[in-house]
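Novice: The structure that follows is given in the form of structure tokens.
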2 protein chains.
Amino acid sequence: MREVSKSDALKFYKEQGNEYKVELIENLEDGSITFCDHDTFTDLCRGGHIPNTGIVKAIKILSVAGAYWRGDENKPQLTRVYGISFPKQKDLTEYLELLEEAKKRDHRKLGKELELFTFSQKVGQGLPLWLPKGAALKERLEQFLKKAQKKAGYEMVVTPHIGQKELYVTSGHYAKYGEDSFQPIHTPKEDEEFLLKPMNCPHHCEIYNTRPFSYKELPKRYAEFGTVYRYEQSGELHGLTRVRGFTQDDAHIFCTPDQLDQEFKEVIDLSLYVLGSLGFEDFTAQVSVRDLDSPEKYIGSVENWEKAEQAIINAAKEKGLDFVIESGEAAFYGPKLDFMVKDALGRQWQLGTIQVDYNLPERFELTYKGSDNELHRPVMIHRAPFGSMERFIALLLEHTGGNFPLWLIPDQAILLPVSEKHEKYAEKVLKSLENNEIRALVDRRNETVGKKIREAEMNKIPFMLIVGENDESSNTVSVRRHGGEDLGAISVEAFTDLVSKEINSTLKSFKN
Amino acid sequence: MREVSKSDALKFYKEQGNEYKVELIENLEDGSITFCDHDTFTDLCRGGHIPNTGIVKAIKILSVAGAYWRGDENKPQLTRVYGISFPKQKDLTEYLELLEEAKKRDHRKLGKELELFTFSQKVGQGLPLWLPKGAALKERLEQFLKKAQKKAGYEMVVTPHIGQKELYVTSGHYAKYGEDSFQPIHTPKEDEEFLLKPMNCPHHCEIYNTRPFSYKELPKRYAEFGTVYRYEQSGELHGLTRVRGFTQDDAHIFCTPDQLDQEFKEVIDLSLYVLGSLGFEDFTAQVSVRDLDSPEKYIGSVENWEKAEQAIINAAKEKGLDFVIESGEAAFYGPKLDFMVKDALGRQWQLGTIQVDYNLPERFELTYKGSDNELHRPVMIHRAPFGSMERFIALLLEHTGGNFPLWLIPDQAILLPVSEKHEKYAEKVLKSLENNEIRALVDRRNETVGKKIREAEMNKIPFMLIVGENDESSNTVSVRRHGGEDLGAISVEAFTDLVSKEINSTLKSFKN
């Protein structure tokens, strides 16, 4: 490695006729130019090189792509080579297998194959359209959470997808995010400005403000599957994980400071119930608290912050969570707990969040009448066990490779008549399954059973019910599990029992 | 009555010192001024007067209000007197009773009293916020329709609340409504324009366009409870009947022209099922067809129009609808059928609509492969039995005065312990009712049973279950119906049966 002057560097590359390096050097400050001499060539480089190529043990070119010089489509196109290297072949092989598996499980690919969702250039990038199977799956997930929330004392509300700009000025969101968001919506005849709602909390504060509350009526727990819109640059969009519109399984709990402890525990219970019912066993939690050296950064009294942080830590301990405490990671408005979930490929996803908020109750002047007959500020908890329905379904697709839990999967069983002759019997079985709330369909196509099985496998249908002569005469179905296991010929009732039993083993009801 | 010249008229009123009349006359054209002479005064007037006050038989001043001169708040305030007169006292009395009843049933008043919905100045005018009881009621209505729609072969989809401006240029909505609508939403960094969706059809067309369809797969019936936003001037807003955001119980059926007949009949069946389950018995239908003298006004072939109009008329006849045919009332894109419903006060509401559309399939280039292996255009049916959930709930409130059908009403029963001693028993009964899916609550306040009954009456709760000493010892509840009927002491099981029976008598399932 050697330092060279700007003029020498320019001379060197001009002689080589390398206009790209010349352009790069022209934009560098004089005196900061380093050359690196190799056996057969010299390059403009500040290092980070290995001493010799002999130490490269396992290498793989991953892809080759055209790229415009400096990302400008009016400039010439160069070739960009992507490669990876590991110190051992075994590590490289494992990594490549993981890549392969991740590609197979890519939720964008599976979402298309399983006909769950789509995007339309005309509707707009980053705005998912839920196809029938996906919409039903999303609704099932929502109903599942609604049921648990009802038991946990939540009340559902519904609020509009826009709000006056003033609402977000009050909440403080406009000052913070206004310029980088979808811009205000004007009305044709009046001097009004609306914004697409980026979150549901200001609306829920206004619902709380509808009437006065006594401390005896708290906590109030307002829940909504609220679709929110947030601008993302088109280059940042990615399937369902980075979108411009998504549905939060949102809720806001308004409680007294003394109730925080208990509420936090109950929200953790609900979150653990959600994760468990969906087959996530490997997760940790992160508790974000104040930076004690900068008290000026936070809103709310020190006493309340101590109470809240202690409430979160106590709750996390009592519920046996594997958690870390991060100082200085709290938002200015309150401490929080986030769940980090590992998927089947070992990748970490940030999921549900539980946040304490002292700010919005202040800004929206929320009150309750205490036992002292005076008005007090309630504390607010924001929480969303799924986080975003879209992102959660993406995670679930990649975690399960499309083999959703039986209670959730779009089609639980498919009937495969071995010939047209048995279609009528298949229809009869279908009716009986439907009466038992099993989601099934009949493959009526004029194809071989072999081909029908292969396609049902691809469509990730958990049970294939083959029906032929023997089944019809003995009132049975020949059951083949996804993956190949043969369960033999069993009665329709026995199959119905089998499905119920399997569902009940993963899907318990919340707080029996 | 006599014509006067402008100068004479001005002179007359200037002498009287009536600056308002002077201003009016100054703005009139010369030669168009009429005076009307009465016994005791002369007024600027073009007639429409009765010959003498003797023929006024029944008169009532309805209200007196301050009004700025010419509606300008910088001008002086005058007094405006509202009155009404009928030829007979009996007619006036009836009208006043109707007004009184309508006022009591005003959905804005009932919605507040029953805590169903609210509006917030901060969120914005015309944007309803659904409170817990209202949100649950809305969800029950939606689930009711979803269940029927599932049986009728509909598939639910979910689409975003915005779409690129381009989408509405394609659909033609932008050219027609763009300027009078909520204005486009810009993004901060890219040259993009989005619109709040004023209807769901363009999104559903894009869902249909996701993959090719064969004629064997049609009809496709996509349904969505889609919240749409349409600008209305603030002065036009009215409770839930005239809003800026509302949820349509929307669906679009894509079918072959030959399937139109059958589809139309099935949509009428569904609409009649919806009206019947909600207690509307008095309704008529209006069939809007082409103006045969102006064929140039309509898109689509004459052959298809004939087919569609005939399909609608046949269906209306076959289903025994009381209908009228209105020539020239069809939209340019297709004929339609609207239901007109009379509420309990005899007022007519336009409800659900069924419309044939040849335009959007053309504009979105929708196709299916026919039995001839060629591509054809499907026909589209737009339909919404409720129309708008908001408007429908308003109608239902005014029709029933808040006494919703038992299956729909927020609280079906309230338990009234005669003293604190019986609260535990009341809780036990509550649990048992909840297990039987009866929505009930306990009034635990330290008030007399009399007061509790009065409030339960006001809250329109259908059954009051009074529990005291005798009830507890004999495991019964003393049932009082809303309105006063005493059903005596019966067992909890008997009460549960009573509720189920009443529900099943109005709420049949669709197409058993």
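Chain lettering (A, B, ...) mirrors the order of the structure tokens, residue numbering begins at 1 for each chain separately, and ligand numbering begins at 1 in order of display.
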Give me, as a ChimeraX atom specification, the residues of range 113-242 of chain B that a backbone DSSP run labels helix (DSSP H, G or I).
Specialist: /B:113,132-151,165-171,173-180,201-208,215-217,234-236
Novice: What lies within 10 Å of Phe119 in chain A using only C-alpha atoms, ignoring chain neighbours under 6 positions off, as an MDAnalysis selection string?
Specialist: (chainID A and resid 112 125:130 239:240) or (chainID B and resid 206:207 210)
Novice: Go ahead and save the picked residues with all heavy atoms, as a CSV table (one decimal), in the first residue's frame.
Specialist:
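New file selection28.csv:
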```
chain,number,residue,atom,x,y,z
A,112,LYS,N,-47.7,-16.0,-4.0
A,112,LYS,CA,-48.2,-16.1,-5.3
A,112,LYS,C,-48.7,-17.5,-5.6
A,112,LYS,O,-49.8,-17.7,-6.1
A,112,LYS,CB,-47.1,-15.7,-6.3
A,112,LYS,CG,-47.6,-15.4,-7.7
A,112,LYS,CD,-46.5,-14.9,-8.6
A,112,LYS,CE,-47.1,-14.8,-10.0
A,112,LYS,NZ,-46.3,-14.0,-10.9
A,125,GLN,N,-47.5,0.5,-6.0
A,125,GLN,CA,-46.5,-0.4,-5.3
A,125,GLN,C,-46.7,-0.4,-3.8
A,125,GLN,O,-47.1,0.6,-3.2
A,125,GLN,CB,-45.1,0.2,-5.6
A,125,GLN,CG,-44.8,0.4,-7.0
A,125,GLN,CD,-43.5,1.1,-7.1
A,125,GLN,OE1,-42.4,0.5,-7.0
A,125,GLN,NE2,-43.5,2.4,-7.4
A,126,GLY,N,-46.4,-1.5,-3.2
A,126,GLY,CA,-46.4,-1.6,-1.7
A,126,GLY,C,-47.8,-1.6,-1.1
A,126,GLY,O,-48.0,-1.3,0.1
A,127,LEU,N,-48.8,-1.8,-2.0
A,127,LEU,CA,-50.2,-1.8,-1.5
A,127,LEU,C,-50.8,-3.2,-1.8
A,127,LEU,O,-51.3,-3.4,-2.9
A,127,LEU,CB,-51.0,-0.7,-2.2
A,127,LEU,CG,-50.6,0.7,-1.9
A,127,LEU,CD1,-51.3,1.7,-2.8
A,127,LEU,CD2,-50.9,1.1,-0.4
A,128,PRO,N,-50.7,-4.1,-0.8
A,128,PRO,CA,-51.1,-5.5,-1.1
A,128,PRO,C,-52.6,-5.6,-1.3
A,128,PRO,O,-53.5,-4.9,-0.7
A,128,PRO,CB,-50.8,-6.2,0.2
A,128,PRO,CG,-50.4,-5.2,1.2
A,128,PRO,CD,-50.1,-3.9,0.5
A,129,LEU,N,-53.0,-6.4,-2.3
A,129,LEU,CA,-54.4,-6.8,-2.5
A,129,LEU,C,-54.5,-8.3,-2.0
A,129,LEU,O,-53.8,-9.1,-2.5
A,129,LEU,CB,-54.7,-6.8,-4.0
A,129,LEU,CG,-54.5,-5.5,-4.8
A,129,LEU,CD1,-54.6,-5.7,-6.3
A,129,LEU,CD2,-55.4,-4.4,-4.3
A,130,TRP,N,-55.4,-8.5,-1.1
A,130,TRP,CA,-55.6,-9.8,-0.5
A,130,TRP,C,-56.6,-10.6,-1.4
A,130,TRP,O,-57.7,-10.3,-1.5
A,130,TRP,CB,-56.0,-9.7,0.9
A,130,TRP,CG,-55.0,-9.2,1.9
A,130,TRP,CD1,-54.7,-8.0,2.3
A,130,TRP,CD2,-53.9,-10.0,2.4
A,130,TRP,NE1,-53.6,-7.9,3.1
A,130,TRP,CE2,-53.1,-9.2,3.2
A,130,TRP,CE3,-53.6,-11.4,2.4
A,130,TRP,CZ2,-52.0,-9.6,3.9
A,130,TRP,CZ3,-52.5,-11.9,3.1
A,130,TRP,CH2,-51.7,-11.0,3.9
A,239,GLY,N,-42.2,-7.1,-0.8
A,239,GLY,CA,-43.3,-8.0,-0.5
A,239,GLY,C,-44.2,-7.5,0.6
A,239,GLY,O,-44.6,-6.3,0.5
A,240,LEU,N,-44.5,-8.3,1.6
A,240,LEU,CA,-45.4,-7.9,2.7
A,240,LEU,C,-44.6,-7.3,3.8
A,240,LEU,O,-45.2,-6.9,4.8
A,240,LEU,CB,-46.2,-9.0,3.1
A,240,LEU,CG,-47.3,-9.6,2.2
A,240,LEU,CD1,-48.1,-10.7,2.9
A,240,LEU,CD2,-48.3,-8.5,1.7
B,206,GLU,N,-58.8,-5.2,-10.7
B,206,GLU,CA,-57.4,-5.6,-10.7
B,206,GLU,C,-57.2,-6.9,-10.0
B,206,GLU,O,-56.3,-7.7,-10.4
B,206,GLU,CB,-56.5,-4.5,-10.0
B,206,GLU,CG,-56.3,-3.3,-10.9
B,206,GLU,CD,-55.4,-3.6,-12.1
B,206,GLU,OE1,-54.2,-3.8,-12.0
B,206,GLU,OE2,-56.1,-3.8,-13.2
B,207,ILE,N,-58.0,-7.3,-9.1
B,207,ILE,CA,-57.9,-8.6,-8.5
B,207,ILE,C,-58.3,-9.7,-9.5
B,207,ILE,O,-57.7,-10.7,-9.7
B,207,ILE,CB,-58.8,-8.7,-7.2
B,207,ILE,CG1,-58.0,-8.0,-6.1
B,207,ILE,CG2,-59.1,-10.2,-6.9
B,207,ILE,CD1,-58.6,-8.3,-4.7
B,210,THR,N,-55.6,-10.7,-11.9
B,210,THR,CA,-54.4,-11.3,-11.4
B,210,THR,C,-54.1,-12.6,-12.2
B,210,THR,O,-52.9,-12.9,-12.4
B,210,THR,CB,-54.6,-11.7,-9.9
B,210,THR,OG1,-54.9,-10.5,-9.2
B,210,THR,CG2,-53.4,-12.3,-9.3
```
Novice: Could you list, as a list in words, every residue of chain A that has an atom within 6 Å of an atom of chain B, counting only C-alpha atoms?
Specialist: Lys122, Val123, Gly124, Leu129, Trp130, Leu131, Pro132, Ala135, Glu155, Met156, Val157, Val158, Thr159, Gly163, Gln164, Leu167, Asp180, Phe182, Gln183, Ile185, His186, Thr187 and Pro188 of chain A
Novice: Skip Phe254 in chain A itself and residues of its chain fewer than 6 positions away, then list as a PyMOL selection string all residues within 9 Å of it, counting only C-alpha atoms.
Specialist: chain A and resi 208+218-222+361+378-381
Novice: Please produce a file of those selected residues containing all heavy atoms, as a tab-separated table (two decimals), in the first residue's frame.
Specialist:
```tsv
chain	number	residue	atom	x	y	z
A	208	TYR	N	-61.51	7.87	23.64
A	208	TYR	CA	-61.47	7.95	25.11
A	208	TYR	C	-62.08	9.28	25.57
A	208	TYR	O	-62.77	9.34	26.59
A	208	TYR	CB	-60.03	7.81	25.60
A	208	TYR	CG	-59.90	7.86	27.12
A	208	TYR	CD1	-59.99	6.69	27.88
A	208	TYR	CD2	-59.69	9.06	27.78
A	208	TYR	CE1	-59.88	6.73	29.26
A	208	TYR	CE2	-59.59	9.12	29.17
A	208	TYR	CZ	-59.69	7.95	29.90
A	208	TYR	OH	-59.59	7.98	31.27
A	218	LEU	N	-61.70	2.13	34.80
A	218	LEU	CA	-60.44	1.82	34.12
A	218	LEU	C	-59.98	0.43	34.55
A	218	LEU	O	-60.36	-0.05	35.59
A	218	LEU	CB	-59.38	2.88	34.46
A	218	LEU	CG	-59.73	4.31	34.05
A	218	LEU	CD1	-58.52	5.22	34.22
A	218	LEU	CD2	-60.23	4.38	32.62
A	219	PRO	N	-59.11	-0.25	33.77
A	219	PRO	CA	-58.63	0.18	32.45
A	219	PRO	C	-59.69	0.08	31.36
A	219	PRO	O	-60.55	-0.79	31.40
A	219	PRO	CB	-57.52	-0.82	32.14
A	219	PRO	CG	-57.47	-1.79	33.27
A	219	PRO	CD	-58.56	-1.52	34.20
A	220	LYS	N	-59.61	1.00	30.38
A	220	LYS	CA	-60.36	0.87	29.13
A	220	LYS	C	-59.36	0.33	28.12
A	220	LYS	O	-58.24	0.84	28.01
A	220	LYS	CB	-60.85	2.24	28.64
A	220	LYS	CG	-61.96	2.88	29.43
A	220	LYS	CD	-63.16	2.01	29.65
A	220	LYS	CE	-64.03	1.82	28.43
A	220	LYS	NZ	-65.25	1.01	28.79
A	221	ARG	N	-59.77	-0.69	27.39
A	221	ARG	CA	-58.86	-1.31	26.41
A	221	ARG	C	-59.54	-1.29	25.05
A	221	ARG	O	-60.44	-2.07	24.78
A	221	ARG	CB	-58.56	-2.75	26.82
A	221	ARG	CG	-58.03	-2.91	28.24
A	221	ARG	CD	-57.75	-4.37	28.56
A	221	ARG	NE	-57.48	-4.59	29.98
A	221	ARG	CZ	-58.40	-4.88	30.90
A	221	ARG	NH1	-59.67	-4.97	30.56
A	221	ARG	NH2	-58.05	-5.07	32.15
A	222	TYR	N	-59.10	-0.34	24.19
A	222	TYR	CA	-59.69	-0.19	22.86
A	222	TYR	C	-58.81	-0.89	21.82
A	222	TYR	O	-57.63	-0.56	21.70
A	222	TYR	CB	-59.82	1.28	22.47
A	222	TYR	CG	-60.78	2.06	23.34
A	222	TYR	CD1	-60.45	3.31	23.84
A	222	TYR	CD2	-62.04	1.53	23.67
A	222	TYR	CE1	-61.33	4.03	24.63
A	222	TYR	CE2	-62.91	2.24	24.46
A	222	TYR	CZ	-62.56	3.49	24.93
A	222	TYR	OH	-63.45	4.19	25.72
A	361	PRO	N	-51.42	10.99	26.46
A	361	PRO	CA	-52.44	11.41	27.42
A	361	PRO	C	-52.31	12.89	27.77
A	361	PRO	O	-53.31	13.57	27.99
A	361	PRO	CB	-52.16	10.53	28.65
A	361	PRO	CG	-51.51	9.31	28.08
A	361	PRO	CD	-50.67	9.81	26.92
A	378	PRO	N	-54.48	9.46	32.83
A	378	PRO	CA	-54.25	8.02	32.72
A	378	PRO	C	-52.90	7.76	32.02
A	378	PRO	O	-52.35	8.65	31.39
A	378	PRO	CB	-55.40	7.54	31.84
A	378	PRO	CG	-55.76	8.73	31.01
A	378	PRO	CD	-55.48	9.94	31.87
A	379	VAL	N	-52.37	6.55	32.17
A	379	VAL	CA	-51.22	6.12	31.38
A	379	VAL	C	-51.78	5.34	30.20
A	379	VAL	O	-52.85	4.75	30.29
A	379	VAL	CB	-50.31	5.17	32.17
A	379	VAL	CG1	-48.97	5.00	31.46
A	379	VAL	CG2	-50.12	5.65	33.56
A	380	MET	N	-51.05	5.34	29.12
A	380	MET	CA	-51.51	4.64	27.92
A	380	MET	C	-50.51	3.53	27.62
A	380	MET	O	-49.30	3.73	27.77
A	380	MET	CB	-51.49	5.68	26.80
A	380	MET	CG	-52.31	5.36	25.61
A	380	MET	SD	-52.33	6.88	24.58
A	380	MET	CE	-52.82	6.13	23.05
A	381	ILE	N	-51.00	2.37	27.23
A	381	ILE	CA	-50.12	1.31	26.71
A	381	ILE	C	-50.51	1.06	25.26
A	381	ILE	O	-51.68	0.85	24.96
A	381	ILE	CB	-50.28	-0.02	27.49
A	381	ILE	CG1	-49.97	0.19	28.99
A	381	ILE	CG2	-49.37	-1.10	26.92
A	381	ILE	CD1	-50.21	-1.05	29.84
```
Novice: Range 419-428 of chain B: which residues within 9 Å, counting only C-alpha atoms, same-chain residues fewer than 5 positions away excluded, as a list of chain:residue names?
Specialist: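 The contact residues come out as B:Leu433, B:Leu441, B:Val442, B:Asp443, B:Arg444, B:Arg445, B:Asn446, B:Glu447, B:Thr448, B:Val449, B:Ile466, B:Val467, B:Gly468, B:Glu469, B:Glu472, B:Asn475.
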